[in-house]
>>> print(open('protein-v9.txt').read())   # compact mmCIF, C-alpha atoms
# COMPACT_ATOMS: atom_id res chain seq x y z
CA MET A 10 8.16 0.61 -16.35
CA ARG A 11 6.65 4.06 -16.64
CA PRO A 12 9.01 6.80 -17.94
CA VAL A 13 9.77 9.55 -15.41
CA GLU A 14 8.26 12.22 -17.65
CA THR A 15 4.82 10.57 -17.53
CA CYS A 16 4.72 9.85 -13.79
CA PRO A 17 2.34 11.93 -11.68
CA ALA A 18 4.56 14.17 -9.58
CA VAL A 19 4.72 16.81 -6.87
CA SER A 20 7.54 19.15 -5.87
CA THR A 21 9.70 18.87 -2.77
CA ASP A 22 8.53 22.39 -1.92
CA ASP A 23 4.80 21.62 -2.16
CA THR A 24 2.75 21.44 1.01
CA LEU A 25 1.05 18.21 1.99
CA GLU A 26 -2.26 19.90 1.27
CA THR A 27 -1.24 20.20 -2.39
CA ALA A 28 0.30 16.74 -2.44
CA VAL A 29 -2.85 15.13 -1.02
CA ALA A 30 -4.89 16.55 -3.91
CA VAL A 31 -2.39 15.31 -6.52
CA LEU A 32 -2.10 11.89 -4.90
CA ARG A 33 -5.87 11.55 -4.71
CA ALA A 34 -6.27 12.35 -8.41
CA ALA A 35 -3.47 9.92 -9.28
CA GLY A 36 -5.00 7.24 -7.08
CA ALA A 37 -8.30 7.59 -8.93
CA ARG A 38 -6.39 6.54 -12.07
CA GLY A 39 -4.91 3.51 -10.32
CA GLU A 40 -1.52 5.05 -9.50
CA PRO A 41 -0.22 3.73 -6.16
CA ALA A 42 2.09 6.70 -5.41
CA VAL A 43 3.59 9.85 -6.92
CA LEU A 44 7.12 10.86 -7.76
CA VAL A 45 8.68 13.84 -5.96
CA LEU A 46 10.78 16.23 -8.05
CA THR A 47 13.12 19.01 -6.98
CA PRO A 48 12.26 22.54 -8.20
CA ASP A 49 14.71 21.93 -11.09
CA ARG A 50 12.75 18.76 -12.00
CA ARG A 51 15.18 16.10 -10.75
CA PRO A 52 13.64 12.96 -9.15
CA ALA A 53 14.16 13.19 -5.39
CA GLY A 54 11.66 10.92 -3.69
CA ILE A 55 8.48 8.86 -3.59
CA LEU A 56 5.31 9.92 -1.82
CA THR A 57 2.86 7.18 -0.88
CA LEU A 58 -0.51 7.10 0.84
CA ASP A 59 0.98 5.55 3.96
CA GLY A 60 3.83 8.09 3.90
CA ILE A 61 1.29 10.87 4.23
CA LEU A 62 -0.77 9.05 6.85
CA HIS A 63 2.43 8.42 8.80
CA ALA A 64 3.05 12.18 8.79
CA PHE A 65 -0.37 12.72 10.37
CA GLU A 66 0.18 10.31 13.28
CA PRO A 67 0.35 11.82 16.79
CA ASP A 68 3.96 12.66 17.66
CA PHE A 69 4.04 10.61 20.86
CA VAL A 70 3.38 7.40 18.89
CA GLU A 71 6.39 8.11 16.69
CA THR A 72 8.83 9.35 19.28
CA THR A 73 8.24 7.14 22.31
CA GLY A 74 7.41 3.78 20.80
CA TRP A 75 4.24 3.96 22.92
CA ARG A 76 2.87 0.52 23.69
CA LEU A 77 0.34 1.28 26.42
CA PRO A 78 -3.37 1.77 25.67
CA VAL A 79 -3.76 5.07 23.86
CA VAL A 80 -6.77 7.38 23.65
CA TRP A 81 -6.99 7.80 19.89
CA SER A 82 -10.06 10.04 19.72
CA GLY A 83 -9.79 13.68 18.83
CA PHE A 84 -6.57 13.51 16.83
CA PHE A 85 -7.66 12.91 13.27
CA GLY A 86 -9.01 16.32 12.24
CA ASP A 87 -6.43 18.25 14.27
CA LYS A 88 -3.48 16.26 12.91
CA CYS A 89 -4.76 16.62 9.34
CA ARG A 90 -4.90 20.39 9.72
CA GLU A 91 -1.44 20.52 11.31
CA GLY A 92 0.07 18.19 8.74
CA ALA A 93 -1.35 20.13 5.80
CA ARG A 94 1.29 22.83 6.23
CA ARG A 95 4.27 20.45 6.21
CA ARG A 96 6.45 20.22 3.11
CA VAL A 97 6.61 17.16 0.88
CA ALA A 98 10.40 17.01 1.33
CA ASP A 99 9.87 16.35 5.06
CA VAL A 100 7.72 13.24 4.61
CA MET A 101 8.76 11.70 1.26
CA ARG A 102 10.86 8.56 1.02
CA ALA A 103 14.12 9.95 -0.41
CA LEU A 104 15.31 8.12 -3.50
CA ASP A 105 18.87 7.92 -2.18
CA SER A 106 17.63 5.43 0.43
CA VAL A 107 15.60 3.33 -2.04
CA PRO A 108 17.49 0.71 -4.07
CA ALA A 109 16.92 1.17 -7.79
CA VAL A 110 16.62 -1.53 -10.42
CA ASP A 111 18.30 -1.45 -13.79
CA PRO A 112 16.10 -1.91 -16.90
CA GLY A 113 18.03 -5.14 -17.56
CA ASP A 114 17.65 -6.58 -14.06
CA PRO A 115 15.76 -9.88 -13.68
CA LEU A 116 12.24 -9.52 -12.22
CA PRO A 117 13.03 -11.56 -9.06
CA LYS A 118 15.30 -8.72 -7.94
CA ALA A 119 12.45 -6.23 -8.34
CA VAL A 120 10.08 -8.63 -6.55
CA HIS A 121 12.45 -8.83 -3.60
CA LEU A 122 13.01 -5.07 -3.41
CA MET A 123 9.32 -4.31 -3.63
CA ARG A 124 8.62 -6.67 -0.73
CA ALA A 125 11.62 -5.55 1.30
CA THR A 126 10.89 -1.81 0.92
CA GLY A 127 7.12 -2.13 1.23
CA LEU A 128 6.89 0.48 -1.54
CA PRO A 129 4.37 0.15 -4.37
CA LEU A 130 6.88 1.49 -6.88
CA LEU A 131 10.64 1.35 -7.39
CA PRO A 132 12.99 3.68 -9.24
CA VAL A 133 14.45 2.33 -12.47
CA ALA A 134 17.93 3.75 -13.13
CA ARG A 135 20.41 3.52 -15.93
CA GLY A 136 23.70 4.23 -14.22
CA GLU A 137 23.13 7.22 -11.96
CA ARG A 138 20.16 8.53 -13.93
CA ILE A 139 16.59 7.61 -12.93
CA ILE A 140 14.65 6.96 -16.11
CA GLY A 141 11.38 5.52 -14.83
CA MET A 142 9.34 3.88 -12.11
CA LEU A 143 8.25 0.26 -11.80
CA ARG A 144 4.79 0.02 -10.26
CA ILE A 145 3.32 -2.86 -8.30
CA ASN A 146 0.47 -2.85 -10.86
CA ASP A 147 3.07 -3.59 -13.57
CA MET A 148 4.45 -6.42 -11.45
CA LEU A 149 1.02 -8.00 -11.05
CA ALA A 150 0.53 -7.75 -14.81
CA ALA A 151 3.86 -9.56 -15.33
CA ILE A 152 2.79 -12.25 -12.88
CA GLU A 153 -0.51 -12.70 -14.72
CA GLN A 154 1.32 -12.88 -18.05
CA ALA A 155 3.75 -15.49 -16.71
CA ILE A 156 0.95 -17.86 -15.71
CA SER A 157 -1.26 -17.36 -18.76
CA MET B 10 -19.26 17.41 14.32
CA PRO B 11 -18.19 14.16 16.08
CA GLU B 12 -15.08 12.49 14.73
CA LYS B 13 -15.75 9.58 12.40
CA LYS B 14 -15.13 5.99 13.41
CA VAL B 15 -13.74 3.10 11.40
CA ARG B 16 -17.34 1.91 10.95
CA ASP B 17 -18.10 5.05 8.91
CA LEU B 18 -15.39 4.31 6.31
CA MET B 19 -15.33 0.51 6.16
CA ILE B 20 -16.61 -1.50 3.22
CA PRO B 21 -19.19 -4.01 4.51
CA ILE B 22 -18.09 -7.58 4.09
CA SER B 23 -21.06 -8.32 1.82
CA GLN B 24 -19.68 -5.85 -0.76
CA TYR B 25 -16.16 -7.25 -0.84
CA SER B 26 -14.75 -9.67 -3.41
CA THR B 27 -13.99 -13.10 -1.98
CA VAL B 28 -12.07 -16.21 -2.90
CA SER B 29 -11.98 -19.57 -1.18
CA THR B 30 -9.01 -21.00 0.69
CA GLU B 31 -9.32 -23.88 -1.79
CA ASP B 32 -9.08 -21.66 -4.88
CA THR B 33 -5.76 -21.51 -6.66
CA VAL B 34 -3.52 -18.47 -6.52
CA ALA B 35 -4.03 -18.14 -10.30
CA GLU B 36 -7.77 -17.69 -9.76
CA ALA B 37 -7.13 -15.04 -7.11
CA ILE B 38 -4.71 -13.19 -9.41
CA ALA B 39 -7.31 -13.17 -12.19
CA LEU B 40 -9.88 -11.69 -9.80
CA LEU B 41 -7.49 -9.01 -8.57
CA ARG B 42 -6.41 -8.07 -12.10
CA LYS B 43 -10.01 -7.85 -13.25
CA SER B 44 -10.78 -5.58 -10.32
CA VAL B 45 -7.72 -3.40 -10.94
CA ARG B 46 -8.49 -3.05 -14.67
CA ARG B 47 -11.97 -1.81 -13.81
CA TYR B 48 -10.38 0.58 -11.31
CA GLU B 49 -7.88 1.94 -13.84
CA THR B 50 -10.53 2.50 -16.49
CA GLY B 51 -12.76 4.28 -14.00
CA GLU B 52 -15.51 1.72 -14.48
CA CYS B 53 -15.82 1.29 -10.74
CA GLU B 54 -13.79 1.53 -7.59
CA GLY B 55 -12.14 -1.87 -7.68
CA HIS B 56 -10.50 -3.60 -4.75
CA ARG B 57 -6.79 -4.26 -4.49
CA ALA B 58 -7.38 -7.03 -2.01
CA VAL B 59 -9.74 -9.96 -1.74
CA LEU B 60 -11.14 -11.62 1.35
CA VAL B 61 -10.46 -15.32 1.74
CA VAL B 62 -13.30 -17.46 3.09
CA ASP B 63 -13.34 -21.06 4.27
CA ARG B 64 -15.74 -23.77 3.08
CA GLU B 65 -18.44 -22.41 5.39
CA GLY B 66 -18.02 -18.90 4.00
CA LYS B 67 -16.33 -17.59 7.14
CA PRO B 68 -13.60 -14.98 6.50
CA VAL B 69 -10.24 -16.48 7.44
CA GLY B 70 -7.72 -14.41 5.52
CA ILE B 71 -6.92 -11.55 3.22
CA LEU B 72 -4.98 -11.59 -0.02
CA THR B 73 -3.36 -8.45 -1.41
CA TYR B 74 -0.64 -7.61 -3.91
CA ARG B 75 1.83 -7.85 -1.08
CA GLU B 76 1.08 -11.50 -0.30
CA LEU B 77 1.39 -12.32 -4.01
CA ILE B 78 4.73 -10.53 -4.29
CA ARG B 79 5.94 -12.28 -1.17
CA ALA B 80 4.85 -15.67 -2.47
CA ILE B 81 7.04 -15.49 -5.56
CA GLU B 82 10.04 -13.98 -3.80
CA PRO B 83 13.04 -16.35 -3.64
CA TRP B 84 12.38 -18.46 -0.53
CA PHE B 85 15.79 -17.81 1.06
CA LEU B 86 14.99 -14.09 1.25
CA TYR B 87 11.73 -14.47 3.18
CA PRO B 88 11.50 -12.29 6.27
CA PRO B 89 11.00 -14.13 9.56
CA LYS B 90 7.55 -12.58 10.08
CA LEU B 91 4.68 -11.91 7.72
CA GLU B 92 4.51 -8.24 8.63
CA GLU B 93 7.46 -6.22 9.81
CA ARG B 94 8.64 -2.64 10.03
CA ILE B 95 10.96 -1.71 7.19
CA SER B 96 14.55 -1.10 8.21
CA TRP B 97 16.02 1.73 6.13
CA PRO B 98 18.14 1.85 4.09
CA VAL B 99 17.23 -1.45 2.45
CA ASP B 100 20.20 -3.55 1.34
CA VAL B 101 20.32 -5.36 -1.98
CA PRO B 102 21.56 -8.94 -1.45
CA GLU B 103 24.56 -9.95 -3.58
CA ILE B 104 23.05 -13.01 -5.19
CA PRO B 105 22.51 -14.14 -8.79
CA TRP B 106 18.99 -12.93 -9.68
CA GLU B 107 18.74 -14.49 -13.13
CA GLY B 108 16.02 -16.92 -14.07
CA PHE B 109 13.19 -18.59 -12.18
CA PHE B 110 10.56 -15.83 -12.42
CA THR B 111 8.25 -17.63 -14.83
CA GLU B 112 8.85 -21.08 -13.31
CA ARG B 113 8.37 -19.86 -9.77
CA THR B 114 5.31 -17.80 -10.64
CA ARG B 115 3.70 -20.77 -12.38
CA ALA B 116 4.47 -23.03 -9.43
CA GLU B 117 2.98 -20.53 -6.98
CA ALA B 118 -0.07 -20.09 -9.21
CA ARG B 119 -0.99 -23.76 -8.61
CA ARG B 120 -0.89 -23.41 -4.82
CA LYS B 121 -4.02 -22.89 -2.73
CA VAL B 122 -4.91 -19.38 -1.62
CA GLY B 123 -5.05 -20.62 1.97
CA GLU B 124 -1.30 -21.30 1.85
CA ILE B 125 -0.21 -17.75 1.06
CA MET B 126 -2.97 -15.53 2.52
CA ARG B 127 -2.49 -13.22 5.48
CA PRO B 128 -4.44 -14.74 8.40
CA ILE B 129 -7.47 -12.56 9.15
CA ASN B 130 -6.66 -12.08 12.83
CA LEU B 131 -3.02 -11.06 12.36
CA VAL B 132 -3.89 -7.37 12.65
CA THR B 133 -7.45 -6.07 12.98
CA VAL B 134 -9.31 -2.98 14.11
CA GLU B 135 -12.62 -2.61 15.93
CA ALA B 136 -15.59 -1.03 14.13
CA ASP B 137 -15.92 1.65 16.82
CA ALA B 138 -12.22 2.56 16.87
CA PRO B 139 -11.26 6.16 16.02
CA LEU B 140 -9.73 6.64 12.57
CA MET B 141 -6.35 7.52 14.02
CA LYS B 142 -6.04 4.03 15.49
CA ALA B 143 -6.54 2.50 12.03
CA VAL B 144 -3.92 4.90 10.64
CA HIS B 145 -1.47 3.81 13.31
CA LEU B 146 -2.08 0.09 12.76
CA MET B 147 -1.53 0.41 9.00
CA VAL B 148 1.71 2.34 9.44
CA GLU B 149 2.96 0.13 12.28
CA HIS B 150 2.29 -3.15 10.48
CA ASN B 151 2.95 -1.97 6.93
CA VAL B 152 -0.46 -3.07 5.63
CA GLY B 153 -2.96 -1.21 3.47
CA THR B 154 -6.04 -3.22 4.38
CA LEU B 155 -7.47 -4.01 7.83
CA PRO B 156 -10.29 -6.40 8.68
CA VAL B 157 -12.88 -4.66 10.85
CA MET B 158 -14.20 -6.61 13.85
CA GLU B 159 -17.38 -6.36 15.91
CA ASP B 160 -18.39 -8.82 18.62
CA GLY B 161 -15.56 -11.10 17.59
CA ARG B 162 -16.48 -11.42 13.94
CA VAL B 163 -15.39 -9.71 10.75
CA VAL B 164 -17.95 -7.15 9.59
CA GLY B 165 -15.98 -5.24 6.98
CA VAL B 166 -12.69 -4.02 5.61
CA VAL B 167 -11.10 -0.58 5.89
CA ARG B 168 -8.47 0.37 3.34
CA ILE B 169 -5.73 2.96 3.25
CA SER B 170 -7.49 4.61 0.30
CA GLU B 171 -10.59 5.37 2.41
CA LEU B 172 -8.47 6.82 5.22
CA PHE B 173 -6.51 8.88 2.73
CA ALA B 174 -9.73 10.14 1.12
CA GLU B 175 -10.91 11.22 4.57
CA VAL B 176 -7.68 13.21 5.00
CA ALA B 177 -8.25 14.84 1.61
CA ASP B 178 -11.88 15.67 2.45
CA THR B 179 -10.84 17.14 5.81
CA LEU B 180 -8.26 19.37 4.14
CA HIS B 181 -10.70 20.38 1.41
CA ALA B 182 -13.35 21.31 3.97
CA GLN B 183 -10.78 23.35 5.80
CA ALA B 184 -9.78 25.20 2.61
CA VAL B 185 -13.42 25.93 1.75
CA ALA B 186 -14.13 27.21 5.28
CA ALA B 187 -11.06 29.46 5.34
CA PRO B 188 -11.88 33.19 4.86
>>> encode(input="protein-v9.txt", output="structure tokens")
Amino acid sequence: MRPVETCPAVSTDDTLETAVAVLRAAGARGEPAVLVLTPDRRPAGILTLDGILHAFEPDFVETTGWRLPVVWSGFFGDKCREGARRRVADVMRALDSVPAVDPGDPLPKAVHLMRATGLPLLPVARGERIIGMLRINDMLAAIEQAIS
Amino acid sequence: MPEKKVRDLMIPISQYSTVSTEDTVAEAIALLRKSVRRYETGECEGHRAVLVVDREGKPVGILTYRELIRAIEPWFLYPPKLEERISWPVDVPEIPWEGFFTERTRAEARRKVGEIMRPINLVTVEADAPLMKAVHLMVEHNVGTLPVMEDGRVVGVVRISELFAEVADTLHAQAVAAP
């Protein structure tokens, strides 16, 4: 687990343009996602690479469940520029919808939740208070340790 | 400037780490961990997935963290399909979670990679597809790595990190160009 204070983070009020830069720097250090904090520094969400890419998808794909052949050309640059002005709070995965693990929970519970949520990190909470994040990198290290 | 295609961002298959369907899961984990350690130390841009090839060297699957996590998940919690959209909020099953991690992980480590890999043709993208199509396929199928096809064969791999870097570069270019 990585303590909350040491997790790379962005603010709910940041724009995606800012968040993209932070997430890119974090990714270069092997971090799979960043924590989102409220302006008063309380953990509020998780921002992942696919969360941001999802925000840049054309609206008709999201809203109509489009299944017919789609002309995909011409959207990428335009959607990036549009999406850059959106706020992190609008695209993050809110922590109140993500099940947390307790520091004393068995690893199989974390394994299941990581697979079921598709998230590369999970909140670790003691009672109501989030104290850290469990990363998929940490899980792979635990797997390697178990078989060595 | 014309919009980039998947071909412009993909990693050619010759530059990607591979394991054999006959290798053990333990060998694949060691390869992934070695790659990730090099990534984390900045030694090189490691891969978080490996291609799986058959005895003739033909790509037949892909193995990522997600397949490994899925492999050691308690069997009675398996989803019906390999890839699925996440249904939020995610429930936590009321079951006893104690025990089994080490035993199950060791048992899975002895299995063959071919038994737990994601089949290569499950979700793919064409080399000449626009980037937005790759974005959509990754989001829709909840995968971070897509095999890239041309003339019916795998020619490379495009990852979420390359697509994300392209977003970052686009935004940076926009900021630089702004008055």
>>> atom_distance(input="protein-v9.txt", atom1="atom CA of Val167 of chain B", atom2="atom CA of Val185 of chain B")
26.9 Å
>>> residues_around(input="protein-v9.txt", residues="Val157 of chain B", least_positions_apart="3", cutoff="9 Å", atoms="only C-alpha atoms", output="number ranges by chain")
B: 15-16, 19, 21, 133-136, 162-167
>>> closest_atom_pairs(input="protein-v9.txt", of="chain A", to="chain B", cutoff="8 Å", atoms="all atoms listed in the file", output="tab-separated table")
residue	atom	partner	partner_atom	distance
A:Glu26	CA	B:Leu180	CA	6.7
A:Val29	CA	B:Ala177	CA	6.0
A:Ala30	CA	B:Ala177	CA	6.7
A:Arg33	CA	B:Ala174	CA	7.1
A:Ala37	CA	B:Glu49	CA	7.5
A:Arg38	CA	B:Glu49	CA	5.1
A:Gly39	CA	B:Glu49	CA	4.9
A:Leu58	CA	B:Phe173	CA	6.5
A:Asp59	CA	B:Val148	CA	6.4
A:Leu62	CA	B:Val144	CA	6.4
A:His63	CA	B:Val148	CA	6.2
A:Glu66	CA	B:His145	CA	6.7
A:Trp81	CA	B:Lys142	CA	5.9
A:Ser82	CA	B:Pro139	CA	5.5
A:Gly83	CA	B:Glu12	CA	6.8
A:Phe84	CA	B:Met141	CA	6.6
A:Phe85	CA	B:Met141	CA	5.6
A:Gly86	CA	B:Thr179	CA	6.7
A:Cys89	CA	B:Val176	CA	6.2
A:Arg90	CA	B:Leu180	CA	6.6
A:Ala93	CA	B:Leu180	CA	7.1
A:Ser106	CA	B:Pro98	CA	5.1
A:Val107	CA	B:Val99	CA	6.8
A:Pro108	CA	B:Val99	CA	6.9
A:Asp114	CA	B:Trp106	CA	7.8
A:Pro115	CA	B:Glu107	CA	5.5
A:Leu116	CA	B:Phe110	CA	6.5
A:Pro117	CA	B:Phe110	CA	6.0
A:Lys118	CA	B:Trp106	CA	5.9
A:Val120	CA	B:Glu82	CA	6.0
A:His121	CA	B:Glu82	CA	5.7
A:Leu122	CA	B:Val101	CA	7.5
A:Met123	CA	B:Ile78	CA	7.8
A:Arg124	CA	B:Arg79	CA	6.2
A:Ala125	CA	B:Val99	CA	7.0
A:Thr126	CA	B:Ile95	CA	6.3
A:Gly127	CA	B:Asn151	CA	7.1
A:Ile145	CA	B:Tyr74	CA	7.6
A:Leu149	CA	B:Tyr74	CA	7.3
A:Ala150	CA	B:Arg42	CA	7.5
A:Ile152	CA	B:Thr114	CA	6.5
A:Glu153	CA	B:Ile38	CA	6.8
A:Ala155	CA	B:Thr111	CA	5.3
A:Ile156	CA	B:Arg115	CA	5.2
>>> atom_distance(input="protein-v9.txt", atom1="atom CA of Glu36 of chain B", atom2="atom CA of Ile71 of chain B")
14.4 Å
>>> closest_residue(input="protein-v9.txt", among="A:Met101, A:Ala28, A:Met10, A:Val19", to="Val133 of chain A", atoms="only C-alpha atoms")
A:Met10
>>> atom_distance(input="protein-v9.txt", atom1="atom CA of Asp99 of chain A", atom2="atom CA of Pro48 of chain A")
14.8 Å
>>> residues_around(input="protein-v9.txt", residues="Pro132 of chain A", least_positions_apart="5", cutoff="10 Å", atoms="only C-alpha atoms", output="PyMOL selection string")
chain A and resi 10-11+13+44+52+54-55+104+107-112+119+138-144
>>> closest_residue(input="protein-v9.txt", among="B:Arg127, B:Lys43, B:Lys67, B:Arg120", to="Thr154 of chain B", atoms="all atoms listed in the file")
B:Arg127
>>> closest_residue(input="protein-v9.txt", among="B:Val132, B:Val59, B:Val122, B:Leu72", to="Ile20 of chain B", atoms="all atoms listed in the file")
B:Val59
>>> axis_aligned_box(input="protein-v9.txt", around="segment 178-185 of chain B", padding_each_side="3 Å", output="lines of an AutoDock Vina configuration file")
center_x = -10.8
center_y = 20.8
center_z = 3.6
size_x = 11.2
size_y = 16.3
size_z = 10.4
>>> closest_residue(input="protein-v9.txt", among="B:Glu103, B:Glu31, B:Ile22, B:Met126", to="Thr73 of chain B", atoms="all atoms listed in the file")
B:Met126
